[in-house]
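> The structure file model26.tsv (TSV, C-alpha atoms) is provided below.
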chain	number	residue	atom	x	y	z
A	1	MET	CA	0.00	0.00	0.00
A	2	LYS	CA	2.79	2.37	0.93
A	3	THR	CA	4.65	1.46	-2.21
A	4	ARG	CA	1.58	2.20	-4.31
A	5	ALA	CA	1.09	5.56	-2.55
A	6	LEU	CA	4.74	6.41	-3.04
A	7	LYS	CA	4.49	5.66	-6.75
A	8	LEU	CA	1.38	7.80	-7.01
A	9	PHE	CA	3.07	10.67	-5.19
A	10	THR	CA	6.12	10.40	-7.41
A	11	LEU	CA	3.94	10.47	-10.54
A	12	LEU	CA	2.09	13.55	-9.30
A	13	MET	CA	5.39	15.34	-8.59
A	14	PHE	CA	6.67	14.48	-12.10
A	15	LEU	CA	3.49	15.79	-13.74
A	16	THR	CA	3.64	18.97	-11.66
A	17	PHE	CA	7.28	19.59	-12.68
A	18	PHE	CA	6.50	18.90	-16.34
A	19	LEU	CA	3.54	21.27	-16.41
A	20	TYR	CA	5.46	23.97	-14.57
A	21	ASP	CA	8.39	23.64	-16.96
A	22	CYS	CA	6.10	23.98	-19.98
A	23	LYS	CA	4.31	26.95	-18.46
A	24	ASP	CA	7.61	28.73	-17.85
A	25	LYS	CA	8.77	27.98	-21.39
A	26	ASP	CA	5.50	29.36	-22.83
A	27	ALA	CA	5.84	32.43	-20.64
A	28	ASP	CA	9.42	32.92	-21.76
A	29	THR	CA	8.36	33.01	-25.38
A	30	LEU	CA	6.38	36.17	-24.59
A	31	GLY	CA	8.56	37.23	-21.66
A	32	PRO	CA	9.96	40.60	-20.56
A	33	ALA	CA	12.55	40.81	-23.35
A	34	ASN	CA	9.92	40.54	-26.03
A	35	ASN	CA	7.54	42.85	-24.18
A	36	GLU	CA	10.20	45.55	-24.11
A	37	LEU	CA	10.94	45.10	-27.81
A	38	SER	CA	7.22	45.04	-28.52
A	39	ASN	CA	6.77	48.40	-26.78
A	40	GLU	CA	9.63	49.85	-28.81
A	41	LEU	CA	8.06	48.55	-32.01
A	42	ASP	CA	4.75	50.20	-31.11
A	43	LYS	CA	6.56	53.54	-30.75
A	44	VAL	CA	8.36	53.49	-34.11
A	45	GLU	CA	7.29	56.49	-36.22
A	46	MET	CA	8.59	58.46	-39.18
A	47	SER	CA	10.83	61.33	-38.16
A	48	ASN	CA	9.42	64.80	-38.73
A	49	VAL	CA	10.18	65.94	-42.28
A	50	LYS	CA	10.46	69.68	-42.85
A	51	LEU	CA	9.24	70.29	-46.39
A	52	GLU	CA	10.95	72.93	-48.51
A	53	GLU	CA	8.70	75.62	-49.95
A	54	THR	CA	8.79	76.83	-53.55
A	55	PRO	CA	10.32	80.33	-53.78
A	56	ASP	CA	8.36	83.21	-55.27
A	57	ILE	CA	9.98	83.89	-58.65
A	58	ARG	CA	9.05	87.31	-59.97
A	59	LEU	CA	9.88	89.94	-62.58
A	60	GLU	CA	11.98	92.99	-61.88
A	61	GLN	CA	10.86	95.53	-64.46
A	62	GLY	CA	13.37	97.03	-66.87
A	63	LYS	CA	13.60	100.65	-67.91
A	64	VAL	CA	14.95	103.09	-70.50
A	65	GLU	CA	16.54	106.29	-69.17
A	66	THR	CA	17.85	109.40	-70.89
A	67	SER	CA	21.60	109.72	-70.36
A	68	THR	CA	23.17	112.48	-68.28
A	69	LYS	CA	25.04	113.85	-71.33
A	70	THR	CA	21.79	114.12	-73.29
A	71	GLN	CA	20.10	115.95	-70.45
A	72	GLU	CA	23.07	118.32	-70.20
A	73	LEU	CA	23.11	118.98	-73.97
A	74	ASN	CA	19.36	119.57	-74.19
A	75	SER	CA	19.51	121.97	-71.27
A	76	SER	CA	22.47	123.84	-72.77
A	77	LEU	CA	20.72	124.29	-76.13
A	78	GLY	CA	18.22	126.55	-74.43
A	79	THR	CA	20.98	128.92	-73.31
A	80	VAL	CA	22.66	129.49	-76.68
A	81	THR	CA	22.97	133.16	-77.62
A	82	SER	CA	25.08	135.16	-80.03
A	83	GLY	CA	27.74	135.59	-77.40
A	84	ASN	CA	27.36	132.30	-75.64
A	85	ILE	CA	27.65	128.82	-77.08
A	86	PRO	CA	28.10	126.45	-74.14
A	87	ALA	CA	31.07	124.09	-74.30
A	88	SER	CA	28.75	121.05	-74.15
A	89	VAL	CA	27.02	122.23	-77.37
A	90	SER	CA	30.25	122.86	-79.26
A	91	LYS	CA	31.73	119.59	-78.06
A	92	ALA	CA	28.66	117.58	-79.10
A	93	ALA	CA	28.77	119.01	-82.62
A	94	SER	CA	32.50	118.33	-82.85
A	95	GLU	CA	32.10	114.72	-81.70
A	96	VAL	CA	29.40	114.05	-84.29
A	97	SER	CA	31.64	115.52	-87.00
A	98	ALA	CA	34.51	113.24	-85.96
A	99	SER	CA	32.33	110.13	-85.80
A	100	LEU	CA	29.86	110.31	-88.70
A	101	SER	CA	30.23	111.09	-92.39
A	102	ASP	CA	28.42	114.02	-93.98
A	103	ALA	CA	26.00	111.58	-95.64
A	104	GLU	CA	25.21	109.95	-92.31
A	105	VAL	CA	24.69	113.31	-90.64
A	106	LYS	CA	22.38	114.38	-93.47
A	107	LYS	CA	20.39	111.14	-93.26
A	108	LEU	CA	19.77	111.55	-89.52
A	109	ALA	CA	19.09	115.29	-89.75
A	110	GLN	CA	16.31	114.70	-92.27
A	111	VAL	CA	14.37	112.35	-89.99
A	112	THR	CA	11.25	113.89	-88.44
A	113	THR	CA	9.82	112.79	-85.08
A	114	ALA	CA	6.85	111.30	-86.91
A	115	GLN	CA	9.18	109.27	-89.12
A	116	ALA	CA	11.24	108.20	-86.09
A	117	SER	CA	8.10	106.68	-84.59
A	118	SER	CA	7.42	104.56	-87.66
A	119	LYS	CA	8.60	100.99	-87.72
A	120	THR	CA	9.74	101.41	-91.33
A	121	THR	CA	12.28	104.10	-90.46
A	122	LEU	CA	13.50	102.50	-87.26
A	123	THR	CA	14.08	99.09	-88.79
A	124	SER	CA	15.60	100.25	-92.07
A	125	ALA	CA	19.04	98.81	-92.72
A	126	GLU	CA	20.56	102.27	-93.28
A	127	VAL	CA	19.28	103.72	-89.99
A	128	GLN	CA	20.23	100.60	-88.04
A	129	ALA	CA	23.75	100.72	-89.50
A	130	ILE	CA	24.19	104.36	-88.43
A	131	LEU	CA	22.81	103.66	-84.93
A	132	LYS	CA	25.19	100.72	-84.58
A	133	LYS	CA	28.10	102.98	-85.56
A	134	VAL	CA	27.02	105.57	-82.99
A	135	ALA	CA	26.66	102.92	-80.27
A	136	GLN	CA	30.17	101.60	-80.96
A	137	ASP	CA	31.83	105.02	-80.93
A	138	ALA	CA	33.17	105.91	-77.49
A	139	ARG	CA	32.63	109.64	-78.17
A	140	LEU	CA	28.90	109.28	-78.87
A	141	GLN	CA	27.95	106.36	-76.60
A	142	GLY	CA	27.37	108.67	-73.67
A	143	TYR	CA	24.55	110.47	-75.52
A	144	LEU	CA	22.50	107.31	-75.98
A	145	SER	CA	19.74	106.12	-73.68
A	146	LEU	CA	20.45	103.62	-70.93
A	147	LEU	CA	18.55	100.34	-71.27
A	148	THR	CA	18.04	98.08	-68.26
A	149	LEU	CA	16.40	94.84	-69.31
A	150	PRO	CA	13.88	93.10	-67.04
A	151	LYS	CA	15.27	90.23	-65.04
A	152	VAL	CA	14.27	87.31	-62.85
A	153	GLU	CA	14.14	87.87	-59.10
A	154	GLY	CA	13.74	85.35	-56.27
A	155	LEU	CA	15.80	82.54	-57.76
A	156	ASN	CA	19.13	82.68	-55.97
A	157	ASP	CA	20.25	79.20	-56.98
A	158	PRO	CA	18.96	78.02	-60.34
A	159	GLY	CA	20.48	74.59	-59.80
A	160	ARG	CA	18.60	71.52	-58.78
A	161	THR	CA	17.41	71.42	-55.19
A	162	THR	CA	19.14	68.60	-53.37
A	163	GLY	CA	17.16	66.41	-51.06
A	164	GLY	CA	18.82	63.03	-51.12
A	165	GLY	CA	17.93	60.03	-53.21
A	166	THR	CA	14.99	57.75	-52.62
A	167	VAL	CA	15.79	54.92	-50.24
A	168	GLN	CA	13.61	51.86	-50.18
A	169	GLY	CA	13.15	50.00	-46.93
A	170	ASP	CA	14.10	46.32	-46.87
A	171	VAL	CA	11.53	44.34	-44.91
A	172	SER	CA	12.83	40.95	-45.96
A	173	SER	CA	14.90	38.91	-43.54
A	174	PRO	CA	15.55	35.23	-42.84
A	175	ALA	CA	14.16	35.85	-39.38
A	176	VAL	CA	10.71	36.86	-40.65
A	177	GLU	CA	9.44	33.30	-41.01
A	178	ALA	CA	6.05	34.51	-42.14
A	179	ASN	CA	4.64	31.01	-42.28
A	180	ASN	CA	5.95	30.00	-38.90
A	181	SER	CA	3.02	28.82	-36.78
A	182	ASP	CA	4.75	29.48	-33.48
A	183	ASP	CA	2.61	31.88	-31.41
A	184	CYS	CA	5.59	34.06	-30.41
A	185	VAL	CA	6.75	34.47	-34.02
A	186	GLN	CA	3.21	35.20	-35.20
A	187	ARG	CA	2.79	37.86	-32.55
A	188	ALA	CA	6.06	39.52	-33.58
A	189	ASN	CA	4.94	39.58	-37.22
A	190	GLU	CA	1.50	40.90	-36.30
A	191	LYS	CA	3.11	43.69	-34.28
A	192	PHE	CA	5.36	44.54	-37.20
A	193	ASP	CA	2.45	44.55	-39.66
A	194	ARG	CA	0.52	47.01	-37.52
A	195	THR	CA	3.54	49.29	-37.23
A	196	LYS	CA	4.15	49.11	-40.98
A	197	GLU	CA	0.51	50.04	-41.65
A	198	LYS	CA	0.97	53.08	-39.43
A	199	LEU	CA	4.15	54.06	-41.28
A	200	ASP	CA	2.49	53.52	-44.66
A	201	ASP	CA	-0.36	55.80	-43.61
A	202	SER	CA	2.06	58.51	-42.41
A	203	LYS	CA	4.01	58.35	-45.67
A	204	ALA	CA	0.84	58.50	-47.77
A	205	LYS	CA	-0.37	61.60	-45.90
A	206	ALA	CA	3.02	63.31	-46.30
A	207	LEU	CA	3.11	62.55	-50.03
A	208	ASP	CA	-0.46	63.83	-50.43
A	209	LYS	CA	0.61	67.07	-48.78
A	210	ILE	CA	3.55	67.38	-51.18
A	211	ASN	CA	1.37	66.70	-54.24
A	212	ASP	CA	-1.23	69.22	-53.07
A	213	ALA	CA	1.48	71.86	-52.61
A	214	TYR	CA	2.82	71.14	-56.09
A	215	ALA	CA	-0.64	71.49	-57.65
A	216	LYS	CA	-1.11	74.83	-55.86
A	217	ASP	CA	2.33	75.96	-57.07
A	218	LEU	CA	1.37	75.29	-60.69
A	219	GLU	CA	-1.89	77.19	-60.24
A	220	LYS	CA	-0.06	80.13	-58.68
A	221	ILE	CA	2.57	80.13	-61.43
A	222	GLN	CA	-0.10	80.39	-64.12
A	223	LYS	CA	-1.80	83.30	-62.32
A	224	ASN	CA	1.53	85.07	-61.86
A	225	TYR	CA	2.34	84.60	-65.54
A	226	GLU	CA	-0.95	86.17	-66.59
A	227	LYS	CA	-0.38	89.05	-64.19
A	228	CYS	CA	3.21	89.48	-65.38
A	229	VAL	CA	2.14	89.75	-69.02
A	230	GLY	CA	-0.81	92.02	-68.14
A	231	ASP	CA	1.21	94.47	-66.02
A	232	LYS	CA	2.71	97.39	-67.92
A	233	GLY	CA	0.91	96.50	-71.13
A	234	PRO	CA	1.10	98.18	-74.55
A	235	GLN	CA	-0.22	101.49	-73.18
A	236	TYR	CA	2.73	101.71	-70.78
A	237	TYR	CA	5.28	101.33	-73.57
A	238	GLU	CA	3.37	103.74	-75.79
A	239	ALA	CA	3.60	106.28	-72.97
A	240	LEU	CA	7.36	105.68	-72.79
A	241	ARG	CA	7.67	106.32	-76.53
A	242	ASN	CA	5.65	109.53	-76.28
A	243	ALA	CA	7.83	110.71	-73.40
A	244	GLY	CA	10.96	110.16	-75.49
A	245	ILE	CA	9.45	111.95	-78.46
A	246	LYS	CA	8.55	114.90	-76.21
A	247	VAL	CA	12.14	115.16	-75.00
A	248	ALA	CA	13.37	115.18	-78.61
A	249	GLU	CA	10.77	117.74	-79.67
A	250	ASN	CA	11.82	120.07	-76.85
A	251	ALA	CA	15.47	119.65	-77.79
A	252	LEU	CA	14.74	120.36	-81.47
A	253	ALA	CA	12.70	123.45	-80.53
A	254	ALA	CA	15.63	124.73	-78.47
A	255	LEU	CA	17.99	123.95	-81.37
A	256	ASP	CA	15.82	125.93	-83.80
A	257	LYS	CA	15.97	128.94	-81.48
A	258	ALA	CA	19.73	128.59	-81.32
A	259	LYS	CA	20.08	128.13	-85.11
A	260	PRO	CA	20.92	131.79	-85.87
A	261	PHE	CA	23.95	131.54	-83.58
A	262	LEU	CA	25.29	128.23	-84.94
A	263	SER	CA	27.04	127.36	-88.17
A	264	PRO	CA	24.98	125.32	-90.67
A	265	GLN	CA	27.29	122.37	-90.03
A	266	GLN	CA	26.84	122.60	-86.24
A	267	TYR	CA	23.08	122.83	-86.65
A	268	ASP	CA	22.91	119.70	-88.83
A	269	GLN	CA	25.31	117.80	-86.58
A	270	LEU	CA	23.32	118.62	-83.44
A	271	LYS	CA	20.02	117.80	-85.15
A	272	ALA	CA	21.48	114.49	-86.31
A	273	LEU	CA	22.58	113.75	-82.75
A	274	ILE	CA	19.15	114.58	-81.29
A	275	ASN	CA	17.48	112.33	-83.85
A	276	ALA	CA	20.01	109.58	-83.21
A	277	GLN	CA	19.14	109.82	-79.50
A	278	LEU	CA	15.44	109.56	-80.29
A	279	LEU	CA	15.80	106.63	-82.70
A	280	ASP	CA	18.03	104.80	-80.22
A	281	TYR	CA	15.57	105.48	-77.40
A	282	LEU	CA	12.58	104.20	-79.38
A	283	ASP	CA	14.55	101.13	-80.46
A	284	LYS	CA	15.36	100.35	-76.84
A	285	VAL	CA	11.75	100.80	-75.74
A	286	ASN	CA	10.80	98.19	-78.36
A	287	LYS	CA	13.48	95.86	-77.03
A	288	LEU	CA	12.30	96.45	-73.47
A	289	GLU	CA	8.72	95.55	-74.38
A	290	ALA	CA	9.76	92.37	-76.19
A	291	ALA	CA	12.09	91.41	-73.35
A	292	LYS	CA	9.34	91.79	-70.76
A	293	THR	CA	7.07	89.28	-72.47
A	294	ALA	CA	9.97	86.89	-72.98
A	295	THR	CA	11.04	87.26	-69.35
A	296	CYS	CA	7.50	86.53	-68.12
A	297	THR	CA	7.61	83.28	-70.07
A	298	GLU	CA	11.09	82.52	-68.75
A	299	ILE	CA	9.93	83.12	-65.18
A	300	ALA	CA	6.98	80.75	-65.62
A	301	ASP	CA	9.26	78.05	-67.03
A	302	LEU	CA	11.82	78.50	-64.26
A	303	ALA	CA	9.10	78.48	-61.60
A	304	LYS	CA	7.62	75.24	-62.95
A	305	ALA	CA	11.04	73.60	-63.04
A	306	ARG	CA	11.84	74.72	-59.49
A	307	ALA	CA	8.44	73.58	-58.20
A	308	LEU	CA	9.06	70.11	-59.65
A	309	GLN	CA	12.58	70.01	-58.20
A	310	ILE	CA	11.27	70.86	-54.75
A	311	LYS	CA	8.46	68.32	-55.07
A	312	ASP	CA	11.02	65.63	-55.93
A	313	ALA	CA	13.34	66.73	-53.11
A	314	ASN	CA	10.51	66.70	-50.55
A	315	THR	CA	9.37	63.30	-51.79
A	316	ALA	CA	12.91	61.97	-51.37
A	317	ARG	CA	13.01	63.28	-47.78
A	318	VAL	CA	9.74	61.56	-46.93
A	319	GLU	CA	10.87	58.30	-48.56
A	320	ALA	CA	14.15	58.44	-46.62
A	321	SER	CA	12.33	59.04	-43.34
A	322	TYR	CA	9.95	56.17	-44.10
A	323	ALA	CA	12.80	53.82	-45.01
A	324	GLU	CA	14.65	54.69	-41.79
A	325	ALA	CA	11.58	54.02	-39.63
A	326	LEU	CA	10.78	50.80	-41.50
A	327	ALA	CA	14.35	49.57	-41.08
A	328	LYS	CA	14.09	50.21	-37.33
A	329	ALA	CA	10.78	48.33	-37.15
A	330	THR	CA	12.28	45.42	-39.11
A	331	GLU	CA	15.26	45.29	-36.76
A	332	LEU	CA	13.00	45.17	-33.69
A	333	ARG	CA	10.79	42.46	-35.21
A	334	ASP	CA	13.83	40.34	-36.05
A	335	LYS	CA	15.15	40.67	-32.50
A	336	MET	CA	11.77	39.59	-31.13
A	337	ILE	CA	11.74	36.51	-33.37
A	338	ALA	CA	15.34	35.72	-32.45
A	339	ASN	CA	14.33	35.85	-28.78
A	340	CYS	CA	11.48	33.47	-29.51
A	341	HIS	CA	14.02	30.92	-30.71
A	342	ASN	CA	16.52	31.62	-27.96
A	343	GLN	CA	13.86	31.04	-25.32
A	344	GLY	CA	12.76	27.78	-26.89
A	345	GLY	CA	9.57	29.11	-28.44
A	346	GLY	CA	10.53	28.26	-32.04
A	347	ASN	CA	10.16	24.96	-33.82
Just give me the structure of the file as structure tokens.


Amino acid sequence: MKTRALKLFTLLMFLTFFLYDCKDKDADTLGPANNELSNELDKVEMSNVKLEETPDIRLEQGKVETSTKTQELNSSLGTVTSGNIPASVSKAASEVSASLSDAEVKKLAQVTTAQASSKTTLTSAEVQAILKKVAQDARLQGYLSLLTLPKVEGLNDPGRTTGGGTVQGDVSSPAVEANNSDDCVQRANEKFDRTKEKLDDSKAKALDKINDAYAKDLEKIQKNYEKCVGDKGPQYYEALRNAGIKVAENALAALDKAKPFLSPQQYDQLKALINAQLLDYLDKVNKLEAAKTATCTEIADLAKARALQIKDANTARVEASYAEALAKATELRDKMIANCHNQGGGN
């Protein structure tokens, strides 16, 4: 009887030890080490990505200005008298004589302000050749108008915006064991899947924000282009032409008053110079108008290119942040699965 009781007691002790050992092994498969890793995996997020904004690219208007020497000459013409011919007047006539032939002086002197305004006169090969000669002569250059072409503002660095290349996260690993039926491994994979879904959602929202900003940039660029072309339209340039013609008319009126006190050669030379100034001024106004339209188009093209560059750069930053977070999540999952094996939970 005692022997039977002893055998029964021994059997009960063995069963108790076996069950306890299994319970501890099962607990170890989901033990503190994995719980700590699991908490870390839950906290994995994409780092905050500061998105670059598209700069405001705009037009700086050009201008045509009467030169200081022209202003001085025109002012001096009004003071010519029988006993006073200002040095600036005599010098101007002398410089024209030294620079242009008699035929060229005669051609310019015969041009009326009405003819100067006509496209036919301004674009004629003969007039353009004389104006080119005047522009290249150091003695007469100072009498010509000063042209400042419109330019692009707000684009300090026309090069490509750098933002790093796209990095793809690698979620494959021998430790994944996606088909492993072990409860510990399955839990690790489920945790990882939930974290990846969260990261995928964060990336999708960030990319949506980038795409929305790009679409708004394109809309803004089109509006700015239309405004750029519309600002300072044909009426503005017509007003500039009329202002230049008025300056020439005043100078010619002063020259006519001074005519009795000048030699015929001086009169023709000064009239030729005044007309050369006017023709050059009107030519530059035409160039300014054409350049403005071309610059508006250039600005729109540059703005579109920069907007796309920034979109690509921002996208690369988001992809890099996502890849970094996904790599961290993959590392934590693999450690959890490795612990499952180390603690005897694997097959």

> I'd like the neighbourhood of region 224-228 of chain A as a VMD selection string, where a residue qualifies if any of its atoms comes within 9 Å (using only C-alpha atoms), though same-chain residues fewer than 5 positions away should be ignored.

chain A and resid 58 to 59 219 292 to 293 296 to 297 299 to 300

> Let me make sure I understand: among A:Lys246, A:Lys232, A:Lys151, A:Lys304, which one has the smallest atom-to-atom distance to Tyr281 (chain A) if we use all atoms listed in the file?

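Distance minimum relative to Tyr281 (chain A) lands on A:Lys246.
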
> Using all atoms listed in the file, collect all residues at a distance of at most 10 Å from (7.1, 112.4, -83.3) as written in the file, then present them as a list in words.

Val111, Thr112, Thr113, Ala114, Gln115, Ala116, Ser117, Ser118, Arg241, Asn242, Gly244, Ile245, Lys246, Ala248, Glu249 and Leu278 of chain A

> Which residues, written as an NGL selection string, have at least one atom at most 8 Å from Lys311 (chain A), with only C-alpha atoms counted and residues fewer than 5 positions away on the same chain left out?

:A and (210-211 or 214)

> If you keep C-alpha atoms, can you produce a file of those selected residues as a PDB file, in the coordinates of the input?


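The resulting file, selection.pdb, is reproduced below:
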ATOM      1  CA  ILE A 210       3.550  67.380 -51.180  1.00  0.00           C
ATOM      2  CA  ASN A 211       1.370  66.700 -54.240  1.00  0.00           C
ATOM      3  CA  TYR A 214       2.820  71.140 -56.090  1.00  0.00           C
TER       4      TYR A 214
END

> Between A:Val185, A:Ala206, A:Ala272, A:Met46, which residue has the minimum interatomic distance to Ser101 (chain A), considering only C-alpha atoms?

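Nearest candidate to Ser101 (chain A) out of A:Val185, A:Ala206, A:Ala272, A:Met46: A:Ala272.
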
> How many Å lie between CA of Glu190 (chain A) and CA of Ala204 (chain A), rounded to one decimal?

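Calculated distance between CA of Glu190 (chain A) and CA of Ala204 (chain A) is 21.0 Å.
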
> Find the residue from A:Ile221, A:Glu53, A:Ala316, A:Asn286 that sits nearest to Leu207 (chain A); use all atoms listed in the file when measuring.

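Nearest candidate to Leu207 (chain A) out of A:Ile221, A:Glu53, A:Ala316, A:Asn286: A:Ala316.
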
> Taking 5 positions as the minimum chain separation for residues in the same chain, which residues sit within 10 Å of Asp56 (chain A) when counting all atoms listed in the file? Answer as a ChimeraX atom specification.

/A:153-155,217,220-221,224,303

> Go ahead and fit an axis-aligned box to every listed atom of region 247-255 of chain A plus 4 Å each side, and pass me the centre and edge lengths in Å, one decimal, as lines of an AutoDock Vina configuration file.


center_x = 14.4
center_y = 119.9
center_z = -78.2
size_x = 15.2
size_y = 17.6
size_z = 14.5

> Between CA of Ala188 (chain A) and CA of Arg333 (chain A), what distance in Å does the model show, to one decimal?

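Pair CA of Ala188 (chain A) / CA of Arg333 (chain A) returns 5.8 Å.
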
> Rounded to one decimal in Å, what is the spacing between CA of Ile274 (chain A) and CA of Gln61 (chain A)?

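About the pair CA of Ile274 (chain A) and CA of Gln61 (chain A): they are 26.7 Å apart.
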
> A:Gln269, A:Thr295, A:Gln277, A:Thr123: which is nearest Val229 (chain A), counting all atoms listed in the file?

A:Thr295

> With only C-alpha atoms counted and 6 Å as the cut-off, give the residues of region 181-282 of chain A in contact with region 77-80 of chain A, each with its shortest interatomic distance in Å and the pair that gives it, as a Markdown table.


| residue | atom | partner | partner_atom | distance |
| --- | --- | --- | --- | --- |
| A:Ala254 | CA | A:Gly78 | CA | 5.1 |
| A:Leu255 | CA | A:Leu77 | CA | 5.9 |
| A:Ala258 | CA | A:Val80 | CA | 5.6 |

> Return the single residue from A:Ile337, A:Val247, A:Leu282, A:Ala307 that is closest to Lys119 (chain A), with distances computed using all atoms listed in the file.

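Of A:Ile337, A:Val247, A:Leu282, A:Ala307, the one nearest Lys119 (chain A), counting all atoms listed in the file, is A:Leu282.
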
> Let me make sure I understand: among A:Val318, A:Ala251, A:Val134, A:Leu122, which one has the smallest atom-to-atom distance to Gln71 (chain A) if we use only C-alpha atoms?

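Under the stated criterion, the closest residue is A:Ala251.
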
> Pull the neighbourhood of (23.3, 109.1, -79.4) for me: all residues within 7 Å in file coordinates, counting all atoms listed in the file, as a short mmCIF file (atom, residue, chain, number, x, y, z; two decimals) with C-alpha atoms, keeping the file's coordinate frame.


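Dumped everything to point_19.cif:
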data_model
loop_
_atom_site.label_atom_id
_atom_site.label_comp_id
_atom_site.auth_asym_id
_atom_site.auth_seq_id
_atom_site.Cartn_x
_atom_site.Cartn_y
_atom_site.Cartn_z
CA VAL A 134 27.02 105.57 -82.99
CA LEU A 140 28.90 109.28 -78.87
CA GLN A 141 27.95 106.36 -76.60
CA TYR A 143 24.55 110.47 -75.52
CA LEU A 144 22.50 107.31 -75.98
CA LEU A 273 22.58 113.75 -82.75
CA ALA A 276 20.01 109.58 -83.21
CA GLN A 277 19.14 109.82 -79.50
CA ASP A 280 18.03 104.80 -80.22
#

> Which residues, written as a short mmCIF file (atom, residue, chain, number, x, y, z; two decimals) with C-alpha atoms, in the frame of the given file, have at least one atom at most 9 Å from Leu332 (chain A), with all atoms listed in the file counted and residues fewer than 4 positions away on the same chain left out?


data_model
loop_
_atom_site.label_atom_id
_atom_site.label_comp_id
_atom_site.auth_asym_id
_atom_site.auth_seq_id
_atom_site.Cartn_x
_atom_site.Cartn_y
_atom_site.Cartn_z
CA LEU A 37 10.94 45.10 -27.81
CA SER A 38 7.22 45.04 -28.52
CA GLU A 40 9.63 49.85 -28.81
CA LEU A 41 8.06 48.55 -32.01
CA ALA A 188 6.06 39.52 -33.58
CA PHE A 192 5.36 44.54 -37.20
CA ALA A 327 14.35 49.57 -41.08
CA LYS A 328 14.09 50.21 -37.33
CA MET A 336 11.77 39.59 -31.13
CA ILE A 337 11.74 36.51 -33.37
#

> Can you complete the atoms of region 63-74 of chain A to N, CA, C and O atoms and list them as a compact mmCIF listing (two decimals), in the frame of the given file?


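File part_29.txt, as written:
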# COMPACT_ATOMS: atom_id res chain seq x y z
N LYS A 63 13.89 99.24 -67.68
CA LYS A 63 13.60 100.65 -67.91
C LYS A 63 14.54 101.22 -68.98
O LYS A 63 15.59 100.65 -69.28
N VAL A 64 14.12 102.34 -69.56
CA VAL A 64 14.95 103.09 -70.50
C VAL A 64 15.07 104.51 -69.95
O VAL A 64 14.06 105.15 -69.66
N GLU A 65 16.31 104.98 -69.78
CA GLU A 65 16.54 106.29 -69.17
C GLU A 65 17.37 107.17 -70.11
O GLU A 65 18.30 106.69 -70.77
N THR A 66 17.05 108.44 -70.13
CA THR A 66 17.85 109.40 -70.89
C THR A 66 19.19 109.60 -70.19
O THR A 66 19.25 109.73 -68.97
N SER A 67 20.26 109.61 -70.95
CA SER A 67 21.60 109.72 -70.36
C SER A 67 21.85 111.11 -69.79
O SER A 67 21.20 112.10 -70.18
N THR A 68 22.81 111.19 -68.90
CA THR A 68 23.17 112.48 -68.28
C THR A 68 23.69 113.46 -69.33
O THR A 68 23.37 114.67 -69.29
N LYS A 69 24.48 112.97 -70.29
CA LYS A 69 25.04 113.85 -71.33
C LYS A 69 23.93 114.43 -72.22
O LYS A 69 24.01 115.59 -72.63
N THR A 70 22.92 113.62 -72.49
CA THR A 70 21.79 114.12 -73.29
C THR A 70 21.04 115.21 -72.53
O THR A 70 20.67 116.24 -73.10
N GLN A 71 20.80 114.96 -71.27
CA GLN A 71 20.10 115.95 -70.45
C GLN A 71 20.89 117.26 -70.39
O GLN A 71 20.33 118.36 -70.49
N GLU A 72 22.21 117.13 -70.26
CA GLU A 72 23.07 118.32 -70.20
C GLU A 72 23.04 119.08 -71.53
O GLU A 72 22.93 120.32 -71.55
N LEU A 73 23.12 118.34 -72.65
CA LEU A 73 23.11 118.98 -73.97
C LEU A 73 21.78 119.68 -74.22
O LEU A 73 21.74 120.84 -74.66
N ASN A 74 20.69 119.00 -73.94
CA ASN A 74 19.36 119.57 -74.19
C ASN A 74 19.15 120.83 -73.35
O ASN A 74 18.52 121.80 -73.80
